[in-house]
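Down below is the structure, laid out as structure tokens.
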Amino acid sequence: MSDQLMLEADYLIVGSGAVGMAFADVLIEETDASVIIVDKYHKPGGHWNVAYPFVRLHQPSAFYGVSSVELSKGLKDEVGLNKGLSDLASGAEVSAYFDGVMRHRFLPSGRVQYFPMCDYQGHGLFVSMLTGRQHQVSISKKTIDATYLNTTVPSTHTPNFGISPDVRFMPLNELPTIDSPPAGFVIIGGGKTGIDACLWLLENHVDPDLITWIKSRDAWLLDRQNTQPTEAFFKYTMGAQAAQYEALAKARSITDLFDNLESSGVLVRLDTGVRPKMFHGATISQQELAELRKIKRVIRKGRVKSIEADKIIMDQGTIATSIGHVHVDCSASAITNLEIKPIFQGNLITPQTVRSYQPVFSAALIAHVEAVYQDDDKIKNQICQVVPLPNHDTDWIKMLAIFMTNQYNWNQDKGLRKWLKGNRLDGFSKMVSQVPKDDQEKQDILLRIRNSVMPAMMKLQQFIAELG
């Protein structure tokens, strides 16, 4: 008797992280397809299974999760550094949410089989990491590689610099395990994770003078006030869209563009005396900005090369440290796979971002296109052009150009327009469509957008040509 179990399904989804779950949800809602979901973790949620204990979403909860099940409680934070803005779900809440979606929506449908703790080996074959049993899936339609964006987290990251055995070094997952005050804290990394580490220390009353923050690059950040999905924030959310198009339209150079974006409140930076070279789409509140600016010992000497017992060696110099300091690794890049590939390619679907900053919305839209459009890869890929994930500051330009192209194409499609208005992950289409004609303030903002879109797109193409 063979130890290989034979299975059948219309779709095989590899990965039950946020992208795989969002894709599966739309397939279940809009088709009668059978689905097998395979994942290496013991429960759904992908990287949330190994995230640091104090992690929270950086964007409102209303933009996250699967289309059919609300994650947000519809609340505003009344205390803390996100006060007055839509709630940001904690890692524990997100993990419990995806587990609930699997147990209460997917599996009861009778069309989903879920195989956790399994290693996918390609060509429909996966192996249980607990029993070693092989499973071979006969796939009548397509495989969805929902692992392609490959989110990395501190707990699974291997630093690319040397560390002396005498040094106290940890991922920020271990910060809450500290049981005696160290001589100081050294945060290594200037991205979202580094921001979270610094804010956690400050919120727990660590003296900012005891924090050393090593950044190889400073980042442009998004003001979280401009990402709120409720009508009460219309002038900020839609106003920021109008402002970014106007900033583009009047920009005389790329440097001038970023100056315009900053002066209009679209982008912010921690230190107005340092020109950012990085943009990853992180959001931040004004309260968080004020807290982070209390940290005065910010080191900008390039990347860390090694940490010794008494010093940290970087590309452009050395600073003192000690074995009494805690060194916190925040150097992992959230997304490591920046290479773009066609989303629809024969029997393979590779979800990637088709709207800036929103991978789960992107996965849902891609699944909708798979469900209702004719099986023509060229047409589907034209609808779902990949918006490149940003890294350098000027990547903002290329990212916005494709985002605007996609949005224009979607608005020309009556069916897709209707779907966007009805999908909770979209956030803004329904809000914009419901603006009363006699609400002059909101209508003026929409008019600003309409008047500046085409000049902005022309300027984008000019700057893209300059960037080569």
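Following the order of the structure tokens, first chain is A, next is B, and so on, with residues numbered from 1 inside each chain and ligands from 1 in the order they appear.
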Assign secondary structure with DSSP using the backbone only, and return the residues of stretch 54-225 of chain A in strand (DSSP E or B) as a PyMOL selection string.
chain A and resi 56+76+86+90+112-115+118-122+125-128+134-145+151+162-163+168-171+184-188+211-214+219-223
With a distance cut-off of 12 Å and only C-alpha atoms, select the neighbouring residues of A:Glu339, excluding the residue or stretch itself and same-chain residues fewer than 3 positions from it, and output the selection as a PyMOL selection string.
chain A and resi 148-150+335-336+342-343+350+352-353+386-391
Between A:Ser216, A:Ser95, A:Thr405, A:Asn49, which has the minimum distance to A:Met278 (counting only C-alpha atoms)?
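Going through A:Ser216, A:Ser95, A:Thr405, A:Asn49 one by one, the smallest distance to A:Met278 is for A:Ser216.
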For each of A:Thr272, A:Gln244, A:Lys296, A:Leu338, take the minimum atom-to-atom distance to A:Leu400, counting only C-alpha atoms, then give the residue where this is smallest.
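Ranked by minimum distance to A:Leu400, first place goes to A:Gln244.
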Quick one: everything within 12 Å of A:Cys384, counting only C-alpha atoms, minus sequence neighbours fewer than 5 positions away in the same chain. Send it as JSON, numbers by chain.
{"A": [341, 342, 343, 344, 349, 350, 351, 352, 353, 354, 355, 361, 362, 363, 364, 365, 366, 367, 368, 369, 370, 373, 377, 378, 379, 402, 403, 405, 406, 407, 408, 409, 410, 416]}
Do you have the atom CA of A:Tyr41-atom CA of A:Ile195 distance handy?
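Computing the Euclidean distance for atom CA of A:Tyr41 and atom CA of A:Ile195 yields 27.0 Å.
Minimum atom-to-atom distance to A:His58, evaluated using only C-alpha atoms, belongs to A:Asp196 out of A:Asp166, A:Asp196, A:Asp315, A:Asp375.
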Can you tell me how far atom CA of A:Val26 sits from atom CA of A:Val360, in Å to one decimal?
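Spanning atom CA of A:Val26 to atom CA of A:Val360 is a straight-line distance of 11.2 Å.
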Could you list, as a list of chain:residue names, every residue within 7 Å of A:Pro44, counting only C-alpha atoms and ignoring same-chain residues fewer than 6 positions away?
A:Ser16, A:Gly17, A:Phe98, A:Asp99
Write a file of the selected residues as an mmCIF file, in the first residue's frame, keeping N, CA and C atoms.
data_model
loop_
_atom_site.group_PDB
_atom_site.id
_atom_site.type_symbol
_atom_site.label_atom_id
_atom_site.label_comp_id
_atom_site.auth_asym_id
_atom_site.auth_seq_id
_atom_site.Cartn_x
_atom_site.Cartn_y
_atom_site.Cartn_z
ATOM 1 N N SER A 16 -1.214 29.989 3.787
ATOM 2 C CA SER A 16 -2.450 30.485 4.426
ATOM 3 C C SER A 16 -2.173 31.747 5.225
ATOM 4 N N GLY A 17 -1.234 32.560 4.723
ATOM 5 C CA GLY A 17 -1.056 33.892 5.281
ATOM 6 C C GLY A 17 -2.151 34.814 4.797
ATOM 7 N N PHE A 98 -7.685 35.202 11.704
ATOM 8 C CA PHE A 98 -7.490 34.265 10.593
ATOM 9 C C PHE A 98 -7.854 32.841 11.005
ATOM 10 N N ASP A 99 -7.564 32.483 12.247
ATOM 11 C CA ASP A 99 -7.953 31.164 12.731
ATOM 12 C C ASP A 99 -9.470 31.016 12.710
#
One-decimal distance in Å that lies between atom CA of A:Leu257 and atom CA of A:Phe279:
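Those two atoms sit 14.3 Å apart.
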Give me the residues near A:Trp200 as a list in words, where near means some atom within 10 Å (using only C-alpha atoms) and where sequence neighbours in that chain fewer than 3 positions away do not count.
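Contacts, with the query itself left out: Phe54, Val55, Leu172, Leu175, Pro176, Gly194, Ile195, Asp196, Ala197, Glu203, Asn204, His205 and Val206 of chain A.
Using only C-alpha atoms, the nearest neighbour of A:Val453 within the list A:Arg269, A:Arg297, A:Lys250, A:His47 is A:Lys250.
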Just want the 12 Å neighbourhood of A:Ser90, counted on only C-alpha atoms, with same-chain residues fewer than 4 positions away dropped. Output as a PyMOL selection string.
chain A and resi 48+51-61+64+71-72+94-97
Mind writing the picked residues with C-alpha atoms as an mmCIF file, in the first residue's frame?
data_model
loop_
_atom_site.group_PDB
_atom_site.id
_atom_site.type_symbol
_atom_site.label_atom_id
_atom_site.label_comp_id
_atom_site.auth_asym_id
_atom_site.auth_seq_id
_atom_site.Cartn_x
_atom_site.Cartn_y
_atom_site.Cartn_z
ATOM 1 C CA TRP A 48 1.748 36.508 12.161
ATOM 2 C CA ALA A 51 5.606 38.049 14.871
ATOM 3 C CA TYR A 52 6.870 39.959 17.899
ATOM 4 C CA PRO A 53 4.364 40.078 20.757
ATOM 5 C CA PHE A 54 3.685 43.828 20.669
ATOM 6 C CA VAL A 55 3.263 44.129 16.887
ATOM 7 C CA ARG A 56 0.227 45.975 15.553
ATOM 8 C CA LEU A 57 -1.030 46.796 12.100
ATOM 9 C CA HIS A 58 0.374 50.060 10.734
ATOM 10 C CA GLN A 59 -2.826 50.782 8.794
ATOM 11 C CA PRO A 60 -6.433 50.755 10.022
ATOM 12 C CA SER A 61 -7.827 47.285 10.671
ATOM 13 C CA TYR A 64 -6.992 44.141 6.467
ATOM 14 C CA LEU A 71 -11.503 42.569 11.320
ATOM 15 C CA SER A 72 -12.033 46.079 12.623
ATOM 16 C CA VAL A 94 -4.973 39.221 13.688
ATOM 17 C CA SER A 95 -3.858 35.663 14.440
ATOM 18 C CA ALA A 96 -7.146 34.823 16.174
ATOM 19 C CA TYR A 97 -9.067 36.444 13.305
#
Name the residues in contact with A:Leu125 at a cut-off of 8 Å, using only C-alpha atoms, excluding same-chain residues fewer than 3 positions from it; report them as a PyMOL selection string.
chain A and resi 120-122+134-137
Those residues you just picked out, can you put them in a file as a PDB file, in the first residue's frame with C-alpha atoms?
ATOM      1  CA  TYR A 120       5.037  22.178  -0.424  1.00  0.00           C
ATOM      2  CA  GLN A 121       7.536  20.697  -2.886  1.00  0.00           C
ATOM      3  CA  GLY A 122       5.994  21.756  -6.204  1.00  0.00           C
ATOM      4  CA  GLN A 134       3.202  12.607   0.987  1.00  0.00           C
ATOM      5  CA  HIS A 135       0.115  14.160  -0.590  1.00  0.00           C
ATOM      6  CA  GLN A 136      -0.292  14.491  -4.343  1.00  0.00           C
ATOM      7  CA  VAL A 137      -2.960  16.880  -5.580  1.00  0.00           C
TER       8      VAL A 137
END
Using only C-alpha atoms, can you tell me which of A:Val372, A:Met129, A:Met6, A:Met457 comes closest to A:Thr31?
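Selected residue with least distance to A:Thr31: A:Val372.
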Quick one: of A:Leu222, A:Ala240, A:Thr230, A:Leu292, who's nearest to A:Cys198, counting only C-alpha atoms?
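Among the listed residues, the smallest separation from A:Cys198 belongs to A:Leu292.
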For the structure I just gave you, how does DSSP split stretch 354-411 of chain A - specifically, which residues are alpha helix (DSSP H)? Reply as an MDAnalysis selection string.
chainID A and resid 359:372 377:383 395:411
Would you export the selected residues with C-alpha atoms as a PDB file, in the first residue's frame, please?
ATOM      1  CA  PRO A 359      -1.411  43.231  -0.502  1.00  0.00           C
ATOM      2  CA  VAL A 360      -4.613  41.705   0.879  1.00  0.00           C
ATOM      3  CA  PHE A 361      -6.897  43.916  -1.203  1.00  0.00           C
ATOM      4  CA  SER A 362      -4.676  43.044  -4.169  1.00  0.00           C
ATOM      5  CA  ALA A 363      -5.098  39.318  -3.532  1.00  0.00           C
ATOM      6  CA  ALA A 364      -8.869  39.708  -3.311  1.00  0.00           C
ATOM      7  CA  LEU A 365      -9.053  41.648  -6.582  1.00  0.00           C
ATOM      8  CA  ILE A 366      -6.823  39.121  -8.369  1.00  0.00           C
ATOM      9  CA  ALA A 367      -9.083  36.309  -7.149  1.00  0.00           C
ATOM     10  CA  HIS A 368     -12.135  38.212  -8.427  1.00  0.00           C
ATOM     11  CA  VAL A 369     -10.505  38.637 -11.842  1.00  0.00           C
ATOM     12  CA  GLU A 370      -9.748  34.903 -11.888  1.00  0.00           C
ATOM     13  CA  ALA A 371     -13.336  34.110 -10.939  1.00  0.00           C
ATOM     14  CA  VAL A 372     -15.294  36.255 -13.400  1.00  0.00           C
ATOM     15  CA  ASP A 377      -3.767  35.706 -19.291  1.00  0.00           C
ATOM     16  CA  LYS A 378      -3.088  38.784 -21.407  1.00  0.00           C
ATOM     17  CA  ILE A 379      -6.386  40.428 -20.452  1.00  0.00           C
ATOM     18  CA  LYS A 380      -6.091  39.459 -16.798  1.00  0.00           C
ATOM     19  CA  ASN A 381      -2.532  40.727 -16.494  1.00  0.00           C
ATOM     20  CA  GLN A 382      -3.554  43.989 -18.131  1.00  0.00           C
ATOM     21  CA  ILE A 383      -6.224  44.444 -15.443  1.00  0.00           C
ATOM     22  CA  ASP A 395      10.399  54.135  -6.105  1.00  0.00           C
ATOM     23  CA  TRP A 396       7.405  56.178  -4.943  1.00  0.00           C
ATOM     24  CA  ILE A 397       7.285  57.621  -8.477  1.00  0.00           C
ATOM     25  CA  LYS A 398       7.145  54.278 -10.313  1.00  0.00           C
ATOM     26  CA  MET A 399       4.745  52.830  -7.752  1.00  0.00           C
ATOM     27  CA  LEU A 400       2.257  55.691  -8.127  1.00  0.00           C
ATOM     28  CA  ALA A 401       2.397  55.601 -11.934  1.00  0.00           C
ATOM     29  CA  ILE A 402       1.252  51.963 -12.128  1.00  0.00           C
ATOM     30  CA  PHE A 403      -1.251  52.430  -9.316  1.00  0.00           C
ATOM     31  CA  MET A 404      -2.847  55.293 -11.253  1.00  0.00           C
ATOM     32  CA  THR A 405      -2.880  53.236 -14.456  1.00  0.00           C
ATOM     33  CA  ASN A 406      -4.619  50.349 -12.698  1.00  0.00           C
ATOM     34  CA  GLN A 407      -7.158  52.627 -11.055  1.00  0.00           C
ATOM     35  CA  TYR A 408      -7.963  54.251 -14.398  1.00  0.00           C
ATOM     36  CA  ASN A 409      -8.439  50.855 -16.079  1.00  0.00           C
ATOM     37  CA  TRP A 410     -10.656  49.596 -13.260  1.00  0.00           C
ATOM     38  CA  ASN A 411     -12.841  52.678 -13.434  1.00  0.00           C
TER      39      ASN A 411
END
